[in-house]
Amino acid sequence: MSYNVLVVDDSKTARMMLVKTLRVSGLKINEVFTAENGAHALEMLRENWIDLIITDLHMPVMSGMEMVEKMAADGLLSTLPVIVISSDASQQRIDELHGHGIRDYLCKPVRPERVKEVVESILEAAP
Amino acid sequence: MSDWVPSENNPNDLSLTTMEEMLSDVLQEQAFMFSENRGDGEIAPPDPPYHYARIEFDGPCSGRLGLIFPQSLVSELIANMLGMEVEDIEKEDISDALKELLNVVCGKFLVAAFGPRLKFDLSIPTVTEIDLAQWEQHKSERDTTTLLVEDEPVLFKLGL
């Protein structure tokens, strides 16, 4: 089975680098969608079949956390796994995110093997 | 004068070494570029313009971090980071890529310098284009270090 992934980041550079990393990671990726902020991501979620979201936290218009809160309140989106990617790697921040239902955390810069490990552990454990 | 107000406290050698290592790691990992400390020897400045990226952090201690790249290096850097041809890079790509690079370097530096248990807030990075006089001004400031990246000088500034 191959997966559709949504990458959410306001930086075009960050989006391009993560798409490239996903493509070379060895994961079975069907399509990688991209969005510039949480609001754009929510629109894309309504229009496309997405298996997993990898999102930045700090974005204009709608942050990654606001997006996760809106997803949690939506019956259809509440079970969709979300991974946060950020350059803020403090343990305190990571602990806070786990409390908000974030499934895992990737610290920038992220290596392909780390992305593969984290994504596989989530998607292969899914029912 | 540059808009960088030098810190009253000089960052210690350990912080500078850590910063240098983090920058080298990120450049190598993300852009396949290698850097070395140029020491005290003189080196002619490359042709202007230069791109000055800066970010501030606040937490158990606050400070700022700046990187200044010459135009001659920045196109190759971004082409390598994004897997693009140099001629396809647009002006907004330069600003976006340098902000992302600085963000990543700053995040790695804070964890390496202060440990993973301390939480910092990072400002939104800014990038401005500067001229030769501003390059020379920054270079002369005491919290500026010069690195050679692929034989081109890059200035980094760390204020704690």
# chains A, B, ... in the order shown; residues from 1 in each chain; ligands from 1

$ select_by_dssp --residues "stretch 44-137 of chain B" --states "helix (DSSP H, G or I)" --output "mmCIF file with all heavy atoms, in the first residue's frame"
data_model
loop_
_atom_site.group_PDB
_atom_site.id
_atom_site.type_symbol
_atom_site.label_atom_id
_atom_site.label_comp_id
_atom_site.auth_asym_id
_atom_site.auth_seq_id
_atom_site.Cartn_x
_atom_site.Cartn_y
_atom_site.Cartn_z
ATOM 1 N N GLN B 71 26.495 37.202 -2.409
ATOM 2 C CA GLN B 71 25.640 36.776 -3.526
ATOM 3 C C GLN B 71 26.267 35.613 -4.291
ATOM 4 O O GLN B 71 25.578 34.682 -4.707
ATOM 5 C CB GLN B 71 25.414 37.961 -4.478
ATOM 6 C CG GLN B 71 24.657 37.642 -5.742
ATOM 7 C CD GLN B 71 23.183 37.357 -5.471
ATOM 8 O OE1 GLN B 71 22.579 38.004 -4.609
ATOM 9 N NE2 GLN B 71 22.626 36.391 -6.162
ATOM 10 N N SER B 72 27.601 35.657 -4.434
ATOM 11 C CA SER B 72 28.289 34.633 -5.231
ATOM 12 C C SER B 72 28.098 33.238 -4.644
ATOM 13 O O SER B 72 28.154 32.247 -5.368
ATOM 14 C CB SER B 72 29.780 34.958 -5.317
ATOM 15 O OG SER B 72 30.295 35.191 -4.021
ATOM 16 N N LEU B 73 27.881 33.150 -3.357
ATOM 17 C CA LEU B 73 27.719 31.839 -2.718
ATOM 18 C C LEU B 73 26.255 31.445 -2.576
ATOM 19 O O LEU B 73 25.909 30.264 -2.625
ATOM 20 C CB LEU B 73 28.366 31.867 -1.325
ATOM 21 C CG LEU B 73 28.346 30.562 -0.542
ATOM 22 C CD1 LEU B 73 29.229 29.508 -1.218
ATOM 23 C CD2 LEU B 73 28.825 30.791 0.883
ATOM 24 N N VAL B 74 25.414 32.455 -2.432
ATOM 25 C CA VAL B 74 24.042 32.167 -2.031
ATOM 26 C C VAL B 74 23.270 31.396 -3.111
ATOM 27 O O VAL B 74 22.468 30.507 -2.796
ATOM 28 C CB VAL B 74 23.353 33.492 -1.602
ATOM 29 C CG1 VAL B 74 22.586 34.157 -2.698
ATOM 30 C CG2 VAL B 74 22.502 33.278 -0.395
ATOM 31 N N SER B 75 23.525 31.684 -4.366
ATOM 32 C CA SER B 75 22.787 30.984 -5.425
ATOM 33 C C SER B 75 23.127 29.502 -5.429
ATOM 34 O O SER B 75 22.237 28.651 -5.545
ATOM 35 C CB SER B 75 23.113 31.590 -6.793
ATOM 36 O OG SER B 75 22.752 32.935 -6.810
ATOM 37 N N GLU B 76 24.409 29.202 -5.277
ATOM 38 C CA GLU B 76 24.836 27.799 -5.270
ATOM 39 C C GLU B 76 24.296 27.088 -4.023
ATOM 40 O O GLU B 76 23.846 25.939 -4.092
ATOM 41 C CB GLU B 76 26.360 27.739 -5.291
ATOM 42 C CG GLU B 76 26.901 26.333 -5.502
ATOM 43 C CD GLU B 76 28.424 26.277 -5.331
ATOM 44 O OE1 GLU B 76 29.078 27.331 -5.348
ATOM 45 O OE2 GLU B 76 28.923 25.151 -5.147
ATOM 46 N N LEU B 77 24.322 27.797 -2.917
ATOM 47 C CA LEU B 77 23.803 27.243 -1.658
ATOM 48 C C LEU B 77 22.341 26.832 -1.814
ATOM 49 O O LEU B 77 21.941 25.719 -1.452
ATOM 50 C CB LEU B 77 23.934 28.313 -0.562
ATOM 51 C CG LEU B 77 23.234 28.031 0.763
ATOM 52 C CD1 LEU B 77 24.089 27.149 1.634
ATOM 53 C CD2 LEU B 77 22.929 29.317 1.506
ATOM 54 N N ILE B 78 21.555 27.724 -2.369
ATOM 55 C CA ILE B 78 20.115 27.465 -2.474
ATOM 56 C C ILE B 78 19.828 26.412 -3.541
ATOM 57 O O ILE B 78 18.950 25.559 -3.364
ATOM 58 C CB ILE B 78 19.374 28.794 -2.726
ATOM 59 C CG1 ILE B 78 19.507 29.628 -1.449
ATOM 60 C CG2 ILE B 78 17.921 28.566 -3.088
ATOM 61 C CD1 ILE B 78 19.187 31.067 -1.610
ATOM 62 N N ALA B 79 20.576 26.463 -4.628
ATOM 63 C CA ALA B 79 20.404 25.426 -5.661
ATOM 64 C C ALA B 79 20.656 24.046 -5.053
ATOM 65 O O ALA B 79 19.915 23.093 -5.303
ATOM 66 C CB ALA B 79 21.351 25.689 -6.823
ATOM 67 N N ASN B 80 21.678 23.953 -4.231
ATOM 68 C CA ASN B 80 21.984 22.668 -3.581
ATOM 69 C C ASN B 80 20.901 22.273 -2.579
ATOM 70 O O ASN B 80 20.509 21.111 -2.496
ATOM 71 C CB ASN B 80 23.329 22.744 -2.851
ATOM 72 C CG ASN B 80 24.503 22.752 -3.801
ATOM 73 O OD1 ASN B 80 24.335 22.679 -5.011
ATOM 74 N ND2 ASN B 80 25.695 22.857 -3.259
ATOM 75 N N MET B 81 20.432 23.244 -1.813
ATOM 76 C CA MET B 81 19.402 22.936 -0.814
ATOM 77 C C MET B 81 18.121 22.440 -1.470
ATOM 78 O O MET B 81 17.470 21.516 -0.990
ATOM 79 C CB MET B 81 19.058 24.190 0.007
ATOM 80 C CG MET B 81 20.038 24.526 1.100
ATOM 81 S SD MET B 81 19.648 26.119 1.880
ATOM 82 C CE MET B 81 18.232 25.691 2.892
ATOM 83 N N LEU B 82 17.739 23.080 -2.570
ATOM 84 C CA LEU B 82 16.429 22.794 -3.159
ATOM 85 C C LEU B 82 16.490 21.835 -4.335
ATOM 86 O O LEU B 82 15.448 21.454 -4.877
ATOM 87 C CB LEU B 82 15.770 24.107 -3.608
ATOM 88 C CG LEU B 82 15.529 25.131 -2.494
ATOM 89 C CD1 LEU B 82 14.826 26.352 -3.044
ATOM 90 C CD2 LEU B 82 14.708 24.517 -1.368
ATOM 91 N N VAL B 86 20.801 26.843 -10.725
ATOM 92 C CA VAL B 86 21.073 28.207 -10.247
ATOM 93 C C VAL B 86 20.239 29.234 -11.011
ATOM 94 O O VAL B 86 19.681 30.175 -10.428
ATOM 95 C CB VAL B 86 22.584 28.520 -10.377
ATOM 96 C CG1 VAL B 86 22.855 30.005 -10.186
ATOM 97 C CG2 VAL B 86 23.381 27.708 -9.362
ATOM 98 N N GLU B 87 20.092 29.045 -12.335
ATOM 99 C CA GLU B 87 19.377 30.036 -13.147
ATOM 100 C C GLU B 87 17.869 30.049 -12.872
ATOM 101 O O GLU B 87 17.179 30.991 -13.263
ATOM 102 C CB GLU B 87 19.658 29.848 -14.646
ATOM 103 C CG GLU B 87 19.434 28.458 -15.182
ATOM 104 C CD GLU B 87 20.672 27.563 -15.067
ATOM 105 O OE1 GLU B 87 21.549 27.841 -14.234
ATOM 106 O OE2 GLU B 87 20.740 26.569 -15.811
ATOM 107 N N ASP B 88 17.372 29.023 -12.190
ATOM 108 C CA ASP B 88 15.932 28.972 -11.889
ATOM 109 C C ASP B 88 15.587 29.609 -10.543
ATOM 110 O O ASP B 88 14.412 29.698 -10.180
ATOM 111 C CB ASP B 88 15.438 27.512 -11.875
ATOM 112 C CG ASP B 88 15.525 26.877 -13.250
ATOM 113 O OD1 ASP B 88 15.463 27.634 -14.246
ATOM 114 O OD2 ASP B 88 15.674 25.640 -13.331
ATOM 115 N N LYS B 91 14.371 35.740 -6.664
ATOM 116 C CA LYS B 91 14.787 36.551 -5.516
ATOM 117 C C LYS B 91 14.095 36.093 -4.217
ATOM 118 O O LYS B 91 14.718 36.038 -3.154
ATOM 119 C CB LYS B 91 14.471 38.017 -5.800
ATOM 120 C CG LYS B 91 15.208 38.956 -4.892
ATOM 121 C CD LYS B 91 15.124 40.377 -5.356
ATOM 122 C CE LYS B 91 15.937 41.261 -4.409
ATOM 123 N NZ LYS B 91 15.913 42.665 -4.794
ATOM 124 N N GLU B 92 12.796 35.774 -4.328
ATOM 125 C CA GLU B 92 12.087 35.359 -3.101
ATOM 126 C C GLU B 92 12.576 34.016 -2.575
ATOM 127 O O GLU B 92 12.456 33.719 -1.388
ATOM 128 C CB GLU B 92 10.555 35.355 -3.305
ATOM 129 C CG GLU B 92 10.055 34.557 -4.449
ATOM 130 C CD GLU B 92 9.905 35.402 -5.721
ATOM 131 O OE1 GLU B 92 10.699 36.341 -5.929
ATOM 132 O OE2 GLU B 92 9.023 35.089 -6.514
ATOM 133 N N ASP B 93 13.149 33.190 -3.474
ATOM 134 C CA ASP B 93 13.719 31.909 -3.023
ATOM 135 C C ASP B 93 14.906 32.155 -2.097
ATOM 136 O O ASP B 93 15.134 31.404 -1.146
ATOM 137 C CB ASP B 93 14.203 31.068 -4.214
ATOM 138 C CG ASP B 93 13.064 30.614 -5.115
ATOM 139 O OD1 ASP B 93 11.949 30.427 -4.603
ATOM 140 O OD2 ASP B 93 13.302 30.445 -6.326
ATOM 141 N N ILE B 94 15.686 33.193 -2.391
ATOM 142 C CA ILE B 94 16.882 33.499 -1.588
ATOM 143 C C ILE B 94 16.471 33.841 -0.165
ATOM 144 O O ILE B 94 16.969 33.272 0.809
ATOM 145 C CB ILE B 94 17.686 34.665 -2.217
ATOM 146 C CG1 ILE B 94 18.263 34.230 -3.561
ATOM 147 C CG2 ILE B 94 18.776 35.155 -1.267
ATOM 148 C CD1 ILE B 94 18.985 35.324 -4.314
ATOM 149 N N SER B 95 15.516 34.749 -0.047
ATOM 150 C CA SER B 95 15.068 35.168 1.272
ATOM 151 C C SER B 95 14.463 33.991 2.046
ATOM 152 O O SER B 95 14.798 33.764 3.209
ATOM 153 C CB SER B 95 14.046 36.294 1.094
ATOM 154 O OG SER B 95 13.458 36.603 2.310
ATOM 155 N N ASP B 96 13.598 33.238 1.381
ATOM 156 C CA ASP B 96 12.925 32.116 2.046
ATOM 157 C C ASP B 96 13.941 31.063 2.505
ATOM 158 O O ASP B 96 13.874 30.565 3.629
ATOM 159 C CB ASP B 96 11.904 31.505 1.080
ATOM 160 C CG ASP B 96 11.041 30.453 1.761
ATOM 161 O OD1 ASP B 96 10.162 30.827 2.545
ATOM 162 O OD2 ASP B 96 11.267 29.251 1.514
ATOM 163 N N ALA B 97 14.892 30.731 1.634
ATOM 164 C CA ALA B 97 15.865 29.680 1.959
ATOM 165 C C ALA B 97 16.798 30.118 3.091
ATOM 166 O O ALA B 97 17.128 29.316 3.977
ATOM 167 C CB ALA B 97 16.670 29.306 0.723
ATOM 168 N N LEU B 98 17.222 31.387 3.077
ATOM 169 C CA LEU B 98 18.120 31.841 4.151
ATOM 170 C C LEU B 98 17.399 31.895 5.492
ATOM 171 O O LEU B 98 17.971 31.576 6.540
ATOM 172 C CB LEU B 98 18.717 33.209 3.806
ATOM 173 C CG LEU B 98 19.714 33.210 2.641
ATOM 174 C CD1 LEU B 98 20.286 34.608 2.424
ATOM 175 C CD2 LEU B 98 20.858 32.224 2.867
ATOM 176 N N LYS B 99 16.120 32.278 5.471
ATOM 177 C CA LYS B 99 15.338 32.279 6.719
ATOM 178 C C LYS B 99 15.235 30.855 7.270
ATOM 179 O O LYS B 99 15.397 30.625 8.468
ATOM 180 C CB LYS B 99 13.927 32.822 6.462
ATOM 181 C CG LYS B 99 13.867 34.316 6.267
ATOM 182 C CD LYS B 99 12.438 34.730 5.965
ATOM 183 C CE LYS B 99 12.358 36.187 5.576
ATOM 184 N NZ LYS B 99 11.005 36.566 5.156
ATOM 185 N N GLU B 100 14.949 29.912 6.389
ATOM 186 C CA GLU B 100 14.800 28.521 6.823
ATOM 187 C C GLU B 100 16.139 27.989 7.356
ATOM 188 O O GLU B 100 16.190 27.337 8.396
ATOM 189 C CB GLU B 100 14.300 27.668 5.648
ATOM 190 C CG GLU B 100 14.091 26.202 5.944
ATOM 191 C CD GLU B 100 13.013 25.908 6.991
ATOM 192 O OE1 GLU B 100 12.205 26.803 7.301
ATOM 193 O OE2 GLU B 100 13.003 24.776 7.506
ATOM 194 N N LEU B 101 17.212 28.296 6.649
ATOM 195 C CA LEU B 101 18.541 27.851 7.074
ATOM 196 C C LEU B 101 18.874 28.401 8.468
ATOM 197 O O LEU B 101 19.328 27.670 9.355
ATOM 198 C CB LEU B 101 19.580 28.319 6.048
ATOM 199 C CG LEU B 101 21.012 27.904 6.328
ATOM 200 C CD1 LEU B 101 21.234 26.455 5.933
ATOM 201 C CD2 LEU B 101 21.995 28.780 5.548
ATOM 202 N N LEU B 102 18.622 29.682 8.659
ATOM 203 C CA LEU B 102 18.943 30.326 9.937
ATOM 204 C C LEU B 102 18.086 29.750 11.071
ATOM 205 O O LEU B 102 18.572 29.524 12.182
ATOM 206 C CB LEU B 102 18.723 31.831 9.812
ATOM 207 C CG LEU B 102 19.163 32.674 11.000
ATOM 208 C CD1 LEU B 102 20.655 32.551 11.241
ATOM 209 C CD2 LEU B 102 18.788 34.122 10.801
ATOM 210 N N ASN B 103 16.834 29.517 10.777
ATOM 211 C CA ASN B 103 15.920 28.923 11.747
ATOM 212 C C ASN B 103 16.442 27.560 12.227
ATOM 213 O O ASN B 103 16.470 27.269 13.425
ATOM 214 C CB ASN B 103 14.569 28.749 11.042
ATOM 215 C CG ASN B 103 13.411 28.796 11.993
ATOM 216 O OD1 ASN B 103 13.483 29.392 13.051
ATOM 217 N ND2 ASN B 103 12.339 28.131 11.611
ATOM 218 N N VAL B 104 16.874 26.757 11.289
ATOM 219 C CA VAL B 104 17.369 25.414 11.600
ATOM 220 C C VAL B 104 18.678 25.506 12.387
ATOM 221 O O VAL B 104 18.856 24.823 13.405
ATOM 222 C CB VAL B 104 17.557 24.592 10.304
ATOM 223 C CG1 VAL B 104 18.270 23.276 10.597
ATOM 224 C CG2 VAL B 104 16.206 24.318 9.647
ATOM 225 N N VAL B 105 19.576 26.372 11.941
ATOM 226 C CA VAL B 105 20.864 26.528 12.640
ATOM 227 C C VAL B 105 20.628 27.007 14.070
ATOM 228 O O VAL B 105 21.224 26.490 15.027
ATOM 229 C CB VAL B 105 21.778 27.525 11.879
ATOM 230 C CG1 VAL B 105 23.008 27.871 12.711
ATOM 231 C CG2 VAL B 105 22.204 26.949 10.539
ATOM 232 N N CYS B 106 19.728 27.959 14.238
ATOM 233 C CA CYS B 106 19.455 28.507 15.574
ATOM 234 C C CYS B 106 18.860 27.430 16.482
ATOM 235 O O CYS B 106 19.271 27.301 17.645
ATOM 236 C CB CYS B 106 18.511 29.705 15.448
ATOM 237 S SG CYS B 106 18.320 30.594 16.994
ATOM 238 N N GLY B 107 17.906 26.660 15.964
ATOM 239 C CA GLY B 107 17.303 25.581 16.764
ATOM 240 C C GLY B 107 18.343 24.571 17.221
ATOM 241 O O GLY B 107 18.381 24.161 18.389
ATOM 242 N N LYS B 108 19.202 24.167 16.310
ATOM 243 C CA LYS B 108 20.258 23.194 16.657
ATOM 244 C C LYS B 108 21.247 23.793 17.665
ATOM 245 O O LYS B 108 21.695 23.123 18.582
ATOM 246 C CB LYS B 108 21.021 22.779 15.374
ATOM 247 C CG LYS B 108 20.359 21.656 14.600
ATOM 248 C CD LYS B 108 21.184 21.278 13.380
ATOM 249 C CE LYS B 108 22.441 20.523 13.684
ATOM 250 N NZ LYS B 108 22.270 19.065 13.739
ATOM 251 N N PHE B 109 21.573 25.063 17.454
ATOM 252 C CA PHE B 109 22.534 25.720 18.348
ATOM 253 C C PHE B 109 21.979 25.763 19.780
ATOM 254 O O PHE B 109 22.696 25.457 20.747
ATOM 255 C CB PHE B 109 22.839 27.143 17.866
ATOM 256 C CG PHE B 109 23.519 27.983 18.909
ATOM 257 C CD1 PHE B 109 24.842 27.746 19.243
ATOM 258 C CD2 PHE B 109 22.828 28.982 19.585
ATOM 259 C CE1 PHE B 109 25.473 28.491 20.231
ATOM 260 C CE2 PHE B 109 23.444 29.729 20.572
ATOM 261 C CZ PHE B 109 24.775 29.482 20.892
ATOM 262 N N LEU B 110 20.711 26.121 19.932
ATOM 263 C CA LEU B 110 20.139 26.274 21.275
ATOM 264 C C LEU B 110 20.126 24.948 22.028
ATOM 265 O O LEU B 110 20.437 24.903 23.220
ATOM 266 C CB LEU B 110 18.727 26.868 21.181
ATOM 267 C CG LEU B 110 18.690 28.323 20.715
ATOM 268 C CD1 LEU B 110 17.254 28.770 20.475
ATOM 269 C CD2 LEU B 110 19.369 29.252 21.718
ATOM 270 N N VAL B 111 19.785 23.870 21.323
ATOM 271 C CA VAL B 111 19.786 22.554 21.984
ATOM 272 C C VAL B 111 21.220 22.135 22.323
ATOM 273 O O VAL B 111 21.498 21.648 23.418
ATOM 274 C CB VAL B 111 19.098 21.492 21.089
ATOM 275 C CG1 VAL B 111 19.329 20.099 21.647
ATOM 276 C CG2 VAL B 111 17.603 21.771 21.007
ATOM 277 N N ALA B 112 22.146 22.368 21.382
ATOM 278 C CA ALA B 112 23.536 21.963 21.618
ATOM 279 C C ALA B 112 24.176 22.795 22.728
ATOM 280 O O ALA B 112 24.957 22.292 23.538
ATOM 281 C CB ALA B 112 24.339 22.091 20.327
ATOM 282 N N ALA B 113 23.853 24.080 22.790
ATOM 283 C CA ALA B 113 24.504 24.964 23.754
ATOM 284 C C ALA B 113 23.868 24.900 25.142
ATOM 285 O O ALA B 113 24.556 25.016 26.153
ATOM 286 C CB ALA B 113 24.472 26.411 23.245
ATOM 287 N N PHE B 114 22.540 24.734 25.191
ATOM 288 C CA PHE B 114 21.846 24.849 26.485
ATOM 289 C C PHE B 114 21.141 23.559 26.897
ATOM 290 O O PHE B 114 20.540 23.513 27.963
ATOM 291 C CB PHE B 114 20.842 26.000 26.436
ATOM 292 C CG PHE B 114 21.475 27.328 26.112
ATOM 293 C CD1 PHE B 114 21.339 27.906 24.863
ATOM 294 C CD2 PHE B 114 22.243 27.988 27.062
ATOM 295 C CE1 PHE B 114 21.940 29.121 24.559
ATOM 296 C CE2 PHE B 114 22.847 29.199 26.775
ATOM 297 C CZ PHE B 114 22.700 29.761 25.512
ATOM 298 N N LEU B 132 28.765 46.764 0.478
ATOM 299 C CA LEU B 132 30.136 46.488 0.904
ATOM 300 C C LEU B 132 30.490 47.193 2.217
ATOM 301 O O LEU B 132 31.134 46.602 3.095
ATOM 302 C CB LEU B 132 31.113 46.900 -0.208
ATOM 303 C CG LEU B 132 32.597 46.693 0.092
ATOM 304 C CD1 LEU B 132 32.916 45.242 0.395
ATOM 305 C CD2 LEU B 132 33.452 47.186 -1.079
ATOM 306 N N ALA B 133 30.055 48.462 2.351
ATOM 307 C CA ALA B 133 30.375 49.201 3.578
ATOM 308 C C ALA B 133 29.749 48.517 4.787
ATOM 309 O O ALA B 133 30.371 48.408 5.861
ATOM 310 C CB ALA B 133 29.863 50.637 3.455
ATOM 311 N N GLN B 134 28.513 48.023 4.631
ATOM 312 C CA GLN B 134 27.842 47.327 5.743
ATOM 313 C C GLN B 134 28.516 45.977 6.041
ATOM 314 O O GLN B 134 28.633 45.557 7.185
ATOM 315 C CB GLN B 134 26.355 47.138 5.425
ATOM 316 C CG GLN B 134 25.584 48.457 5.420
ATOM 317 C CD GLN B 134 24.215 48.302 4.804
ATOM 318 O OE1 GLN B 134 24.068 47.831 3.674
ATOM 319 N NE2 GLN B 134 23.201 48.706 5.535
ATOM 320 N N TRP B 135 28.938 45.282 4.969
ATOM 321 C CA TRP B 135 29.694 44.019 5.156
ATOM 322 C C TRP B 135 30.935 44.280 5.997
ATOM 323 O O TRP B 135 31.220 43.584 6.967
ATOM 324 C CB TRP B 135 30.051 43.445 3.784
ATOM 325 C CG TRP B 135 31.102 42.359 3.790
ATOM 326 C CD1 TRP B 135 32.461 42.531 3.838
ATOM 327 C CD2 TRP B 135 30.896 40.934 3.740
ATOM 328 N NE1 TRP B 135 33.106 41.308 3.824
ATOM 329 C CE2 TRP B 135 32.171 40.317 3.766
ATOM 330 C CE3 TRP B 135 29.766 40.127 3.674
ATOM 331 C CZ2 TRP B 135 32.335 38.928 3.717
ATOM 332 C CZ3 TRP B 135 29.935 38.737 3.628
ATOM 333 C CH2 TRP B 135 31.215 38.153 3.650
ATOM 334 N N GLU B 136 31.688 45.326 5.630
ATOM 335 C CA GLU B 136 32.928 45.652 6.348
ATOM 336 C C GLU B 136 32.637 46.040 7.794
ATOM 337 O O GLU B 136 33.386 45.689 8.706
ATOM 338 C CB GLU B 136 33.682 46.784 5.637
ATOM 339 C CG GLU B 136 34.229 46.402 4.259
ATOM 340 C CD GLU B 136 35.377 45.394 4.324
ATOM 341 O OE1 GLU B 136 35.730 44.942 5.428
ATOM 342 O OE2 GLU B 136 35.906 45.038 3.250
ATOM 343 N N GLN B 137 31.530 46.769 7.999
ATOM 344 C CA GLN B 137 31.145 47.167 9.354
ATOM 345 C C GLN B 137 30.852 45.940 10.218
ATOM 346 O O GLN B 137 31.360 45.804 11.332
ATOM 347 C CB GLN B 137 29.903 48.082 9.295
ATOM 348 C CG GLN B 137 29.295 48.416 10.642
ATOM 349 C CD GLN B 137 30.221 49.246 11.527
ATOM 350 O OE1 GLN B 137 30.941 50.113 11.035
ATOM 351 N NE2 GLN B 137 30.212 48.956 12.824
#

$ residues_around --residues "stretch 82-92 of chain A" --least-positions-apart "5" --cutoff "7 Å" --atoms "only C-alpha atoms" --output "NGL selection string"
(:A and (52-57 or 102-108)) or (:B and (103-104 or 107 or 111 or 116-119))

$ write_last_selection --atoms "C-alpha atoms" --output "PDB file, in the first residue's frame"
ATOM      1  CA  LEU A  52      -0.753  11.545   7.222  1.00  0.00           C
ATOM      2  CA  ILE A  53       0.079  15.209   7.863  1.00  0.00           C
ATOM      3  CA  ILE A  54       3.550  16.582   8.579  1.00  0.00           C
ATOM      4  CA  THR A  55       3.238  20.174   9.755  1.00  0.00           C
ATOM      5  CA  ASP A  56       5.304  23.098  10.940  1.00  0.00           C
ATOM      6  CA  LEU A  57       4.080  24.940  14.050  1.00  0.00           C
ATOM      7  CA  ILE A 102       0.488  15.053  18.074  1.00  0.00           C
ATOM      8  CA  ARG A 103       1.718  11.577  17.163  1.00  0.00           C
ATOM      9  CA  ASP A 104       5.420  12.329  16.784  1.00  0.00           C
ATOM     10  CA  TYR A 105       7.974  15.067  16.323  1.00  0.00           C
ATOM     11  CA  LEU A 106      10.701  15.586  13.738  1.00  0.00           C
ATOM     12  CA  CYS A 107      13.539  18.045  14.389  1.00  0.00           C
ATOM     13  CA  LYS A 108      14.912  19.989  11.449  1.00  0.00           C
TER      14      LYS A 108
ATOM     15  CA  ASN B 103      15.920  28.923  11.747  1.00  0.00           C
ATOM     16  CA  VAL B 104      17.369  25.414  11.600  1.00  0.00           C
ATOM     17  CA  GLY B 107      17.303  25.581  16.764  1.00  0.00           C
ATOM     18  CA  VAL B 111      19.786  22.554  21.984  1.00  0.00           C
ATOM     19  CA  PRO B 116      17.145  19.884  25.290  1.00  0.00           C
ATOM     20  CA  ARG B 117      15.224  20.678  28.482  1.00  0.00           C
ATOM     21  CA  LEU B 118      15.217  24.456  28.098  1.00  0.00           C
ATOM     22  CA  LYS B 119      12.534  26.103  25.979  1.00  0.00           C
TER      23      LYS B 119
END

$ select_by_dssp --residues "stretch 8-151 of chain B" --states "strand (DSSP E or B)" --output "ChimeraX atom specification"
/B:35-37,50-58,63-70,121-122,126-130,144-149

$ closest_residue --among "B:Ser123, B:Asn37, B:Thr145, B:Ser15" --to "B:Phe57" --atoms "only C-alpha atoms"
B:Ser123

$ closest_residue --among "B:Leu122, B:Leu16, B:Ile89, B:Thr128" --to "B:Ser62" --atoms "only C-alpha atoms"
B:Leu122
